[in-house]
Amino acid sequence: MGQRSENVDQLVDHLFRQEFGRMVSRLARILGAPRLAMAEDAVQHAMLQALQLWPYQGAPEYPQAWLAKVAYHRALDILKSERKLRYYDDEKEFELRNQIEELRACGPAQSLRFSQEVADERLALIFVCCHPQLPRPASVALTLKVVCGFGVAEIARAFLSTETAIEQRLVRAKRMIRDQSLRCEVPDPGQLDERLGAVLEVLYLLFTEGYAATAGDRLIKNDLCAEAIRLAESLAENSATAQPECHALLALMLFQAARLPARTDALGDLVLLEEQDRNLWDRSMIHLGLLHLEQAASGDKLSAYHLQAEIAAMHSTTEHFTLTNWESILSLYDLLSEKQPTPVVLINRAVAVAQVDGPAAGLAALQAIPVDGQAERYPFLHAAEGEFHRRLGHTSEAEISFHRALEFARTEPQQRFLLRKLAALRGGEVQGE
Amino acid sequence: MANFLLLLHQTPSRFRNLSPEEIQKILGSYIAWRDALVKRNKMRAGEKLTNDGGRHLRTHDGKVSVTDGPFSESQEILGGFFMIEAADYGEAVEIARTCPHLGEGKWIEVRQVDAVH
């Protein structure tokens with residue numbers, strides 16, 4: 001037999017993961033959202049076929065077209081076998097056959113067109129996965145699974161959950177989609193605002209999970225951030241969904257993701273903003289963030305994302321921590337705390353207050369925060385309190401606060417950080433600001 | 001130089017639910033292995049066989065009987081083969097040793113193709 005072309009191109013990074021999402025999007029549009037599971041099965045089948053066949057013959061010249069062909073054939077087969085059991089779905093079968101024909105003739109031009117067309121369908125799938133009627137955690141898991149192509153085990157690792165729990169979430173979400181006949185489409189302008197809001201919430205949840213310094217596989221978590229950004233970029237590239245809020249969220253995520261390389265040291269310990277080596281920040285991401293922030297400035301809506309992005313921008317464009325413009329940041333936090341008076345925001349505001357008016361003011365701001373059970377268990381709250389006490393020379397109060405923070409510390413790096421703070425207290429050293 | 005068959009034996013396993021990323025990773029190692037041999041001009045052929053037991057033909061009392069080959073979840077079957085060029089068994093084995101196929105429930109049989117020059 002002749003050898004395959006000497007195409008030694010390795011498969012592009014994450015190709016399969018991305019193709020999974022794109023193919024499921026395509027099939028979901030043809031088959032309908034209630035048949036999402038069928039779409040997944042067809043695509044999974046195609047990938048397993050590739051796993052069995054490609055080792056012997058090498059990767060095909062157009063891997064995406066190959067995978068899509070097999071997936072469509074599989075979906076067609078499933079539909080045909082259903083036909084015997086229930087009803088005729090001529091329209092869907094017809095569409096699938098059309099798609100297969102197009103792919104048969106696949107050359108580079110067709111391949112490219114195919115990729116571009118999928119963009120819209122991917123958006124439609126995102127909207128159905130992030131439908132306001134679905135519980136947010138379910139939307140996050142479902143988006144990761146069917147749009148981003150993550151495996152159940154990978155999602156479980158990312159969220160420190162079990163495969164069973166994630167699987168249940170996915171099953172329930174798909175059942176709700178089926179029961180409520182939700183549709184795979186970009187919403188009408190009339191509904192777009194509300195629906196887009198839900199999508200942005202899900203994307204931000206996805207991002208914060210990846211960004212969070214809680215325990216877990218760092219590599220997977222970085223992937224979550226990257227996926228959230230990619231999804232937000234798809235929204236920003238589509239004129240219907242490129243609302244100012246979307247640009248603002250994208251800017252925020254870019255600014256935060258830009259800091260990832262500097263956020264952990266060689267031991268995997270958390271490096272505070274004030275100590276991060278700003279040379280490690282990703283300049284191109286910051287630049288991109290600023291571009292999107294500019295685009296977010298159009299229109300008259302000032303969302304929480306706008307404010308958070310502005311704050312992040314201030315940090316990202318400051319050469320050194322000591323040069324930070326805390327007055328401006330405090331004003332932004334004042335506005336943000338009116339819109340979103342969550343403990344996290346208020347604690348961050350207190351930190352800004354301390355920078356502007358001194359630790360005593362910061363402490364007062366902190367102690368004015370209404371603290372419920374959940375906030376009480378937030379290590380950052382107590383660490384901030386400890387820090388303010390330390391700066392005021394209240395060593396014993398500081399110790400109590402840091403100990404309290406330790407009680408709630410969730411990761412080893414957090415614990416090490418707090419233990420260092422305690423050690424420094426006992427060492428009697430006053431650390432320079 | 002001679003040709004060698006690498007016969008890839010395996011028990012048909014239920015693929016556990018591999019994620020797209022995992023599938024790509026495994027594929028990547030196979031493709032890299034194969035491409036390296038192609039580059040060295042040592043890859044002569046490679047085919048996957050279908051997942052069934054095939055057919056067995058035997059003679060009994062002068063008659064040919066045809067039976068289905070065995071195929072079950074626990075049965076080992078020949079999954080596919082490669083034909084490579086190598087100087088001798090030593091080199092062929094070294095090549096086979098690096099094939100990602102080797103693993104639990106999977107083994108490789110190396111046989112030299114006889115040739116009369």
# chains A, B, ... in the order shown; residues from 1 in each chain; ligands from 1
call {"tool": "interface_residues", "arguments": {"of": "chain B", "to": "chain A", "cutoff": "8 Å", "atoms": "only C-alpha atoms", "output": "ChimeraX atom specification"}}
result
/B:17-21,23-24,26-28,30-32,34-35,38-39,43-48,80-82
call {"tool": "write_last_selection", "arguments": {"atoms": "N, CA and C atoms", "output": "PDB file, in the first residue's frame"}}
result
ATOM      1  N   ASN B  17     -14.552   6.289  29.163  1.00  0.00           N
ATOM      2  CA  ASN B  17     -14.866   7.551  28.535  1.00  0.00           C
ATOM      3  C   ASN B  17     -13.693   8.504  28.452  1.00  0.00           C
ATOM      4  N   LEU B  18     -12.909   8.338  27.399  1.00  0.00           N
ATOM      5  CA  LEU B  18     -11.767   9.226  27.215  1.00  0.00           C
ATOM      6  C   LEU B  18     -12.251  10.591  26.772  1.00  0.00           C
ATOM      7  N   SER B  19     -11.617  11.631  27.284  1.00  0.00           N
ATOM      8  CA  SER B  19     -11.976  12.976  26.857  1.00  0.00           C
ATOM      9  C   SER B  19     -11.265  13.275  25.543  1.00  0.00           C
ATOM     10  N   PRO B  20     -11.778  14.249  24.775  1.00  0.00           N
ATOM     11  CA  PRO B  20     -11.116  14.613  23.524  1.00  0.00           C
ATOM     12  C   PRO B  20      -9.619  14.899  23.720  1.00  0.00           C
ATOM     13  N   GLU B  21      -9.311  15.556  24.807  1.00  0.00           N
ATOM     14  CA  GLU B  21      -7.915  15.890  25.067  1.00  0.00           C
ATOM     15  C   GLU B  21      -7.087  14.619  25.249  1.00  0.00           C
ATOM     16  N   ILE B  23      -7.800  11.616  24.130  1.00  0.00           N
ATOM     17  CA  ILE B  23      -7.736  10.916  22.845  1.00  0.00           C
ATOM     18  C   ILE B  23      -6.627  11.519  21.997  1.00  0.00           C
ATOM     19  N   GLN B  24      -6.572  12.826  21.956  1.00  0.00           N
ATOM     20  CA  GLN B  24      -5.559  13.493  21.144  1.00  0.00           C
ATOM     21  C   GLN B  24      -4.155  13.180  21.633  1.00  0.00           C
ATOM     22  N   ILE B  26      -3.106  10.473  23.188  1.00  0.00           N
ATOM     23  CA  ILE B  26      -2.725   9.121  22.791  1.00  0.00           C
ATOM     24  C   ILE B  26      -2.410   9.088  21.300  1.00  0.00           C
ATOM     25  N   LEU B  27      -3.284   9.698  20.516  1.00  0.00           N
ATOM     26  CA  LEU B  27      -3.067   9.747  19.075  1.00  0.00           C
ATOM     27  C   LEU B  27      -1.732  10.388  18.746  1.00  0.00           C
ATOM     28  N   GLY B  28      -1.448  11.458  19.469  1.00  0.00           N
ATOM     29  CA  GLY B  28      -0.206  12.182  19.233  1.00  0.00           C
ATOM     30  C   GLY B  28       1.006  11.267  19.333  1.00  0.00           C
ATOM     31  N   TYR B  30       1.092   7.965  18.937  1.00  0.00           N
ATOM     32  CA  TYR B  30       1.100   7.033  17.815  1.00  0.00           C
ATOM     33  C   TYR B  30       1.584   7.713  16.538  1.00  0.00           C
ATOM     34  N   ILE B  31       1.028   8.890  16.279  1.00  0.00           N
ATOM     35  CA  ILE B  31       1.374   9.599  15.049  1.00  0.00           C
ATOM     36  C   ILE B  31       2.858   9.951  15.034  1.00  0.00           C
ATOM     37  N   ALA B  32       3.367  10.368  16.175  1.00  0.00           N
ATOM     38  CA  ALA B  32       4.787  10.711  16.246  1.00  0.00           C
ATOM     39  C   ALA B  32       5.653   9.492  15.965  1.00  0.00           C
ATOM     40  N   ARG B  34       4.866   6.785  14.267  1.00  0.00           N
ATOM     41  CA  ARG B  34       4.740   6.398  12.873  1.00  0.00           C
ATOM     42  C   ARG B  34       5.477   7.372  11.955  1.00  0.00           C
ATOM     43  N   ASP B  35       5.291   8.678  12.225  1.00  0.00           N
ATOM     44  CA  ASP B  35       5.928   9.691  11.390  1.00  0.00           C
ATOM     45  C   ASP B  35       7.450   9.588  11.431  1.00  0.00           C
ATOM     46  N   VAL B  38       8.344   6.933   9.064  1.00  0.00           N
ATOM     47  CA  VAL B  38       8.140   7.387   7.683  1.00  0.00           C
ATOM     48  C   VAL B  38       9.327   8.244   7.248  1.00  0.00           C
ATOM     49  N   LYS B  39       9.732   9.125   8.137  1.00  0.00           N
ATOM     50  CA  LYS B  39      10.856  10.018   7.840  1.00  0.00           C
ATOM     51  C   LYS B  39      12.137   9.239   7.583  1.00  0.00           C
ATOM     52  N   MET B  43       8.829   2.793   7.035  1.00  0.00           N
ATOM     53  CA  MET B  43       7.439   2.361   7.140  1.00  0.00           C
ATOM     54  C   MET B  43       6.974   1.857   5.778  1.00  0.00           C
ATOM     55  N   ARG B  44       6.672   0.573   5.665  1.00  0.00           N
ATOM     56  CA  ARG B  44       6.255   0.002   4.390  1.00  0.00           C
ATOM     57  C   ARG B  44       4.744  -0.094   4.267  1.00  0.00           C
ATOM     58  N   ALA B  45       4.077  -0.386   5.367  1.00  0.00           N
ATOM     59  CA  ALA B  45       2.612  -0.529   5.317  1.00  0.00           C
ATOM     60  C   ALA B  45       2.054  -0.470   6.727  1.00  0.00           C
ATOM     61  N   GLY B  46       0.762  -0.164   6.788  1.00  0.00           N
ATOM     62  CA  GLY B  46       0.094  -0.165   8.094  1.00  0.00           C
ATOM     63  C   GLY B  46      -1.389  -0.223   7.869  1.00  0.00           C
ATOM     64  N   GLU B  47      -2.064  -1.170   8.464  1.00  0.00           N
ATOM     65  CA  GLU B  47      -3.516  -1.281   8.295  1.00  0.00           C
ATOM     66  C   GLU B  47      -4.143  -1.722   9.591  1.00  0.00           C
ATOM     67  N   LYS B  48      -5.330  -1.192   9.827  1.00  0.00           N
ATOM     68  CA  LYS B  48      -6.115  -1.683  10.945  1.00  0.00           C
ATOM     69  C   LYS B  48      -7.054  -2.756  10.423  1.00  0.00           C
ATOM     70  N   GLY B  80      -4.333  -5.048  14.140  1.00  0.00           N
ATOM     71  CA  GLY B  80      -3.808  -4.424  12.927  1.00  0.00           C
ATOM     72  C   GLY B  80      -2.346  -4.782  12.799  1.00  0.00           C
ATOM     73  N   PHE B  81      -1.728  -4.261  11.766  1.00  0.00           N
ATOM     74  CA  PHE B  81      -0.312  -4.577  11.585  1.00  0.00           C
ATOM     75  C   PHE B  81       0.432  -3.426  10.927  1.00  0.00           C
ATOM     76  N   PHE B  82       1.750  -3.447  11.104  1.00  0.00           N
ATOM     77  CA  PHE B  82       2.640  -2.578  10.358  1.00  0.00           C
ATOM     78  C   PHE B  82       3.653  -3.459   9.660  1.00  0.00           C
TER      79      PHE B  82
END
call {"tool": "residues_around", "arguments": {"residues": "B:Leu5", "least_positions_apart": "4", "cutoff": "7 Å", "atoms": "only C-alpha atoms", "output": "MDAnalysis selection string"}}
result
chainID B and resid 81:84 110:113
call {"tool": "select_by_dssp", "arguments": {"residues": "stretch 26-109 of chain B", "states": "strand (DSSP E or B)", "output": "PDB file with C-alpha atoms, in the first residue's frame"}}
result
ATOM      1  CA  MET B  43       7.439   2.361   7.140  1.00  0.00           C
ATOM      2  CA  ARG B  44       6.255   0.002   4.390  1.00  0.00           C
ATOM      3  CA  ALA B  45       2.612  -0.529   5.317  1.00  0.00           C
ATOM      4  CA  GLY B  46       0.094  -0.165   8.094  1.00  0.00           C
ATOM      5  CA  GLU B  47      -3.516  -1.281   8.295  1.00  0.00           C
ATOM      6  CA  LYS B  48      -6.115  -1.683  10.945  1.00  0.00           C
ATOM      7  CA  ARG B  55     -13.198 -16.446   9.142  1.00  0.00           C
ATOM      8  CA  HIS B  56     -11.388 -19.740   9.546  1.00  0.00           C
ATOM      9  CA  LEU B  57     -11.150 -22.186   6.631  1.00  0.00           C
ATOM     10  CA  ARG B  58     -10.130 -25.759   7.213  1.00  0.00           C
ATOM     11  CA  THR B  59     -10.469 -29.025   5.353  1.00  0.00           C
ATOM     12  CA  HIS B  60     -12.199 -32.108   6.743  1.00  0.00           C
ATOM     13  CA  LYS B  63     -14.232 -30.670   2.251  1.00  0.00           C
ATOM     14  CA  VAL B  64     -13.564 -27.024   3.100  1.00  0.00           C
ATOM     15  CA  SER B  65     -15.349 -25.802   6.178  1.00  0.00           C
ATOM     16  CA  VAL B  66     -15.697 -22.155   7.036  1.00  0.00           C
ATOM     17  CA  THR B  67     -16.266 -20.971  10.566  1.00  0.00           C
ATOM     18  CA  ASP B  68     -16.418 -17.576  12.185  1.00  0.00           C
ATOM     19  CA  ILE B  77      -7.498 -10.564  18.509  1.00  0.00           C
ATOM     20  CA  LEU B  78      -5.154  -9.150  15.937  1.00  0.00           C
ATOM     21  CA  GLY B  79      -6.035  -5.465  15.769  1.00  0.00           C
ATOM     22  CA  GLY B  80      -3.808  -4.424  12.927  1.00  0.00           C
ATOM     23  CA  PHE B  81      -0.312  -4.577  11.585  1.00  0.00           C
ATOM     24  CA  PHE B  82       2.640  -2.578  10.358  1.00  0.00           C
ATOM     25  CA  MET B  83       5.312  -3.669   7.942  1.00  0.00           C
ATOM     26  CA  ILE B  84       8.637  -1.975   8.538  1.00  0.00           C
ATOM     27  CA  GLU B  85      12.112  -2.234   7.154  1.00  0.00           C
ATOM     28  CA  ALA B  86      14.946  -3.120   9.485  1.00  0.00           C
ATOM     29  CA  GLY B 103       0.430  -1.664  27.275  1.00  0.00           C
ATOM     30  CA  LYS B 106      -1.755  -5.446  24.327  1.00  0.00           C
ATOM     31  CA  TRP B 107       1.297  -7.024  22.853  1.00  0.00           C
ATOM     32  CA  ILE B 108       3.302  -6.977  19.637  1.00  0.00           C
ATOM     33  CA  GLU B 109       4.451  -9.952  17.613  1.00  0.00           C
TER      34      GLU B 109
END
call {"tool": "atom_distance", "arguments": {"atom1": "atom CA of A:His394", "atom2": "atom CA of A:Ser337"}}
result
28.1 Å
call {"tool": "closest_residue", "arguments": {"among": "B:Val93, B:Gly54, B:Glu73, B:Ala87", "to": "B:Gln10", "atoms": "only C-alpha atoms"}}
result
B:Glu73
call {"tool": "select_by_dssp", "arguments": {"residues": "stretch 32-75 of chain B", "states": "alpha helix (DSSP H)", "output": "PDB file with N, CA and C atoms, in the first residue's frame"}}
result
ATOM      1  N   ALA B  32       3.367  10.368  16.175  1.00  0.00           N
ATOM      2  CA  ALA B  32       4.787  10.711  16.246  1.00  0.00           C
ATOM      3  C   ALA B  32       5.653   9.492  15.965  1.00  0.00           C
ATOM      4  N   TRP B  33       5.260   8.355  16.538  1.00  0.00           N
ATOM      5  CA  TRP B  33       6.015   7.115  16.335  1.00  0.00           C
ATOM      6  C   TRP B  33       6.026   6.738  14.864  1.00  0.00           C
ATOM      7  N   ARG B  34       4.866   6.785  14.267  1.00  0.00           N
ATOM      8  CA  ARG B  34       4.740   6.398  12.873  1.00  0.00           C
ATOM      9  C   ARG B  34       5.477   7.372  11.955  1.00  0.00           C
ATOM     10  N   ASP B  35       5.291   8.678  12.225  1.00  0.00           N
ATOM     11  CA  ASP B  35       5.928   9.691  11.390  1.00  0.00           C
ATOM     12  C   ASP B  35       7.450   9.588  11.431  1.00  0.00           C
ATOM     13  N   ALA B  36       7.973   9.244  12.602  1.00  0.00           N
ATOM     14  CA  ALA B  36       9.427   9.103  12.700  1.00  0.00           C
ATOM     15  C   ALA B  36       9.917   8.000  11.777  1.00  0.00           C
ATOM     16  N   LEU B  37       9.159   6.915  11.703  1.00  0.00           N
ATOM     17  CA  LEU B  37       9.544   5.808  10.828  1.00  0.00           C
ATOM     18  C   LEU B  37       9.386   6.177   9.350  1.00  0.00           C
ATOM     19  N   VAL B  38       8.344   6.933   9.064  1.00  0.00           N
ATOM     20  CA  VAL B  38       8.140   7.387   7.683  1.00  0.00           C
ATOM     21  C   VAL B  38       9.327   8.244   7.248  1.00  0.00           C
ATOM     22  N   LYS B  39       9.732   9.125   8.137  1.00  0.00           N
ATOM     23  CA  LYS B  39      10.856  10.018   7.840  1.00  0.00           C
ATOM     24  C   LYS B  39      12.137   9.239   7.583  1.00  0.00           C
TER      25      LYS B  39
END
call {"tool": "residues_around", "arguments": {"residues": "stretch 293-299 of chain A", "least_positions_apart": "6", "cutoff": "8 Å", "atoms": "only C-alpha atoms", "output": "compact mmCIF listing (two decimals) with C-alpha atoms, in the first residue's frame"}}
result
# COMPACT_ATOMS: atom_id res chain seq x y z
CA GLN A 243 -22.43 44.47 23.90
CA PRO A 244 -20.37 46.83 26.06
CA GLU A 245 -20.80 44.50 29.04
CA CYS A 246 -19.29 41.69 27.05
CA HIS A 247 -16.22 43.77 26.20
CA ALA A 248 -15.94 44.81 29.83
CA ALA A 251 -11.19 43.06 29.44
CA HIS A 306 -16.91 47.73 33.79
CA ALA A 309 -12.21 45.93 34.65
CA GLU A 310 -11.27 49.56 35.33
call {"tool": "residues_around", "arguments": {"residues": "stretch 379-386 of chain A", "least_positions_apart": "6", "cutoff": "7 Å", "atoms": "only C-alpha atoms", "output": "list in words"}}
result
Ile347, Leu363, Ala398, Glu399, Ser401, Phe402, Arg404, Ala405, Leu406, Phe408 and Ala409 of chain A
call {"tool": "write_last_selection", "arguments": {"atoms": "C-alpha atoms", "output": "mmCIF file, in the first residue's frame"}}
result
data_model
loop_
_atom_site.group_PDB
_atom_site.id
_atom_site.type_symbol
_atom_site.label_atom_id
_atom_site.label_comp_id
_atom_site.auth_asym_id
_atom_site.auth_seq_id
_atom_site.Cartn_x
_atom_site.Cartn_y
_atom_site.Cartn_z
ATOM 1 C CA ILE A 347 -13.025 43.734 51.768
ATOM 2 C CA LEU A 363 -9.908 48.528 59.915
ATOM 3 C CA ALA A 398 -3.013 40.610 64.554
ATOM 4 C CA GLU A 399 -2.055 37.153 65.791
ATOM 5 C CA SER A 401 -6.812 37.438 63.210
ATOM 6 C CA PHE A 402 -4.164 35.479 61.336
ATOM 7 C CA ARG A 404 -8.597 32.802 62.565
ATOM 8 C CA ALA A 405 -7.663 33.111 58.898
ATOM 9 C CA LEU A 406 -5.620 29.912 59.208
ATOM 10 C CA PHE A 408 -10.394 28.743 57.208
ATOM 11 C CA ALA A 409 -7.421 28.539 54.861
#
call {"tool": "residues_around", "arguments": {"residues": "A:Gln276", "least_positions_apart": "3", "cutoff": "8 Å", "atoms": "only C-alpha atoms", "output": "short mmCIF file (atom, residue, chain, number, x, y, z; two decimals) with N, CA and C atoms, in the first residue's frame"}}
result
data_model
loop_
_atom_site.label_atom_id
_atom_site.label_comp_id
_atom_site.auth_asym_id
_atom_site.auth_seq_id
_atom_site.Cartn_x
_atom_site.Cartn_y
_atom_site.Cartn_z
N ALA A 262 2.71 35.39 37.09
CA ALA A 262 3.43 35.95 38.24
C ALA A 262 2.80 35.59 39.57
N ARG A 263 1.66 34.89 39.51
CA ARG A 263 0.87 34.70 40.72
C ARG A 263 1.34 33.58 41.64
N VAL A 271 1.68 34.43 45.28
CA VAL A 271 2.43 35.67 45.38
C VAL A 271 1.44 36.82 45.34
N LEU A 272 1.46 37.65 46.37
CA LEU A 272 0.51 38.75 46.42
C LEU A 272 0.78 39.76 45.33
N LEU A 273 -0.25 40.50 45.01
CA LEU A 273 -0.14 41.53 43.99
C LEU A 273 1.05 42.45 44.26
#
call {"tool": "residues_around", "arguments": {"residues": "B:Ser13", "least_positions_apart": "4", "cutoff": "10 Å", "atoms": "only C-alpha atoms", "output": "PDB file with C-alpha atoms, in the first residue's frame"}}
result
ATOM      1  CA  SER B  72     -15.582 -11.778  22.451  1.00  0.00           C
ATOM      2  CA  GLU B  73     -14.859  -9.125  25.026  1.00  0.00           C
ATOM      3  CA  SER B  74     -12.133 -11.167  26.636  1.00  0.00           C
ATOM      4  CA  GLN B  75     -10.678 -12.709  23.493  1.00  0.00           C
ATOM      5  CA  GLU B  76      -7.394 -11.505  22.160  1.00  0.00           C
ATOM      6  CA  GLY B 105      -3.797  -6.252  27.415  1.00  0.00           C
TER       7      GLY B 105
END
call {"tool": "atom_distance", "arguments": {"atom1": "atom CA of A:Ile311", "atom2": "atom CA of A:Leu332"}}
result
6.7 Å
call {"tool": "residues_around", "arguments": {"residues": "A:Glu209", "least_positions_apart": "3", "cutoff": "9 Å", "atoms": "only C-alpha atoms", "output": "ChimeraX atom specification"}}
result
/A:158-159,204-206,212-214,221,224-225
call {"tool": "write_last_selection", "arguments": {"atoms": "N, CA and C atoms", "output": "PDB file, in the first residue's frame"}}
result
ATOM      1  N   ALA A 158     -11.266  20.016  37.868  1.00  0.00           N
ATOM      2  CA  ALA A 158     -11.225  21.475  37.893  1.00  0.00           C
ATOM      3  C   ALA A 158     -12.058  22.034  39.048  1.00  0.00           C
ATOM      4  N   PHE A 159     -13.168  21.359  39.375  1.00  0.00           N
ATOM      5  CA  PHE A 159     -14.063  21.865  40.411  1.00  0.00           C
ATOM      6  C   PHE A 159     -13.943  21.109  41.716  1.00  0.00           C
ATOM      7  N   TYR A 204     -18.057  34.145  33.609  1.00  0.00           N
ATOM      8  CA  TYR A 204     -17.258  34.676  34.700  1.00  0.00           C
ATOM      9  C   TYR A 204     -17.085  33.637  35.806  1.00  0.00           C
ATOM     10  N   LEU A 205     -18.113  32.833  36.057  1.00  0.00           N
ATOM     11  CA  LEU A 205     -17.989  31.747  37.030  1.00  0.00           C
ATOM     12  C   LEU A 205     -16.897  30.780  36.586  1.00  0.00           C
ATOM     13  N   LEU A 206     -16.926  30.488  35.297  1.00  0.00           N
ATOM     14  CA  LEU A 206     -15.934  29.598  34.717  1.00  0.00           C
ATOM     15  C   LEU A 206     -14.534  30.177  34.938  1.00  0.00           C
ATOM     16  N   ALA A 212      -9.120  31.001  40.590  1.00  0.00           N
ATOM     17  CA  ALA A 212      -9.060  30.860  42.044  1.00  0.00           C
ATOM     18  C   ALA A 212      -7.842  30.079  42.463  1.00  0.00           C
ATOM     19  N   ALA A 213      -7.291  30.468  43.582  1.00  0.00           N
ATOM     20  CA  ALA A 213      -6.092  29.791  44.061  1.00  0.00           C
ATOM     21  C   ALA A 213      -6.431  28.601  44.936  1.00  0.00           C
ATOM     22  N   THR A 214      -7.682  28.143  44.860  1.00  0.00           N
ATOM     23  CA  THR A 214      -8.024  26.963  45.657  1.00  0.00           C
ATOM     24  C   THR A 214      -7.263  25.765  45.106  1.00  0.00           C
ATOM     25  N   LYS A 221      -6.787  24.353  35.540  1.00  0.00           N
ATOM     26  CA  LYS A 221      -7.378  25.638  35.914  1.00  0.00           C
ATOM     27  C   LYS A 221      -6.981  26.729  34.930  1.00  0.00           C
ATOM     28  N   LEU A 224      -9.202  26.522  32.075  1.00  0.00           N
ATOM     29  CA  LEU A 224     -10.523  27.109  32.287  1.00  0.00           C
ATOM     30  C   LEU A 224     -10.499  28.597  31.963  1.00  0.00           C
ATOM     31  N   CYS A 225      -9.485  29.284  32.452  1.00  0.00           N
ATOM     32  CA  CYS A 225      -9.376  30.723  32.174  1.00  0.00           C
ATOM     33  C   CYS A 225      -9.297  30.954  30.672  1.00  0.00           C
TER      34      CYS A 225
END
call {"tool": "decode", "arguments": {"residues": "stretch 90-101 of chain B", "atoms": "N, CA and C atoms", "output": "CSV table (one decimal), in the first residue's frame"}}
result
chain,number,residue,atom,x,y,z
B,90,GLY,N,17.0,-7.6,15.7
B,90,GLY,CA,17.5,-6.7,16.8
B,90,GLY,C,16.9,-5.3,16.6
B,91,GLU,N,17.1,-4.8,15.3
B,91,GLU,CA,16.6,-3.5,15.0
B,91,GLU,C,15.0,-3.4,15.0
B,92,ALA,N,14.4,-4.5,14.5
B,92,ALA,CA,13.0,-4.5,14.4
B,92,ALA,C,12.4,-4.5,15.8
B,93,VAL,N,13.0,-5.2,16.7
B,93,VAL,CA,12.5,-5.2,18.1
B,93,VAL,C,12.7,-3.9,18.7
B,94,GLU,N,13.8,-3.2,18.5
B,94,GLU,CA,14.0,-1.9,19.1
B,94,GLU,C,12.9,-0.9,18.6
B,95,ILE,N,12.6,-1.0,17.3
B,95,ILE,CA,11.5,-0.2,16.8
B,95,ILE,C,10.2,-0.5,17.5
B,96,ALA,N,9.9,-1.8,17.6
B,96,ALA,CA,8.6,-2.2,18.1
B,96,ALA,C,8.5,-1.8,19.6
B,97,ARG,N,9.6,-1.8,20.3
B,97,ARG,CA,9.7,-1.5,21.7
B,97,ARG,C,9.1,-0.1,22.0
B,98,THR,N,9.3,0.8,21.0
B,98,THR,CA,8.9,2.2,21.3
B,98,THR,C,7.4,2.4,20.8
B,99,CYS,N,6.8,1.4,20.2
B,99,CYS,CA,5.4,1.6,19.7
B,99,CYS,C,4.5,1.8,20.9
B,100,PRO,N,3.7,2.9,20.9
B,100,PRO,CA,2.7,3.2,22.0
B,100,PRO,C,1.7,2.1,22.2
B,101,HIS,N,1.6,1.1,21.2
B,101,HIS,CA,0.6,0.1,21.4
B,101,HIS,C,0.8,-0.8,22.6
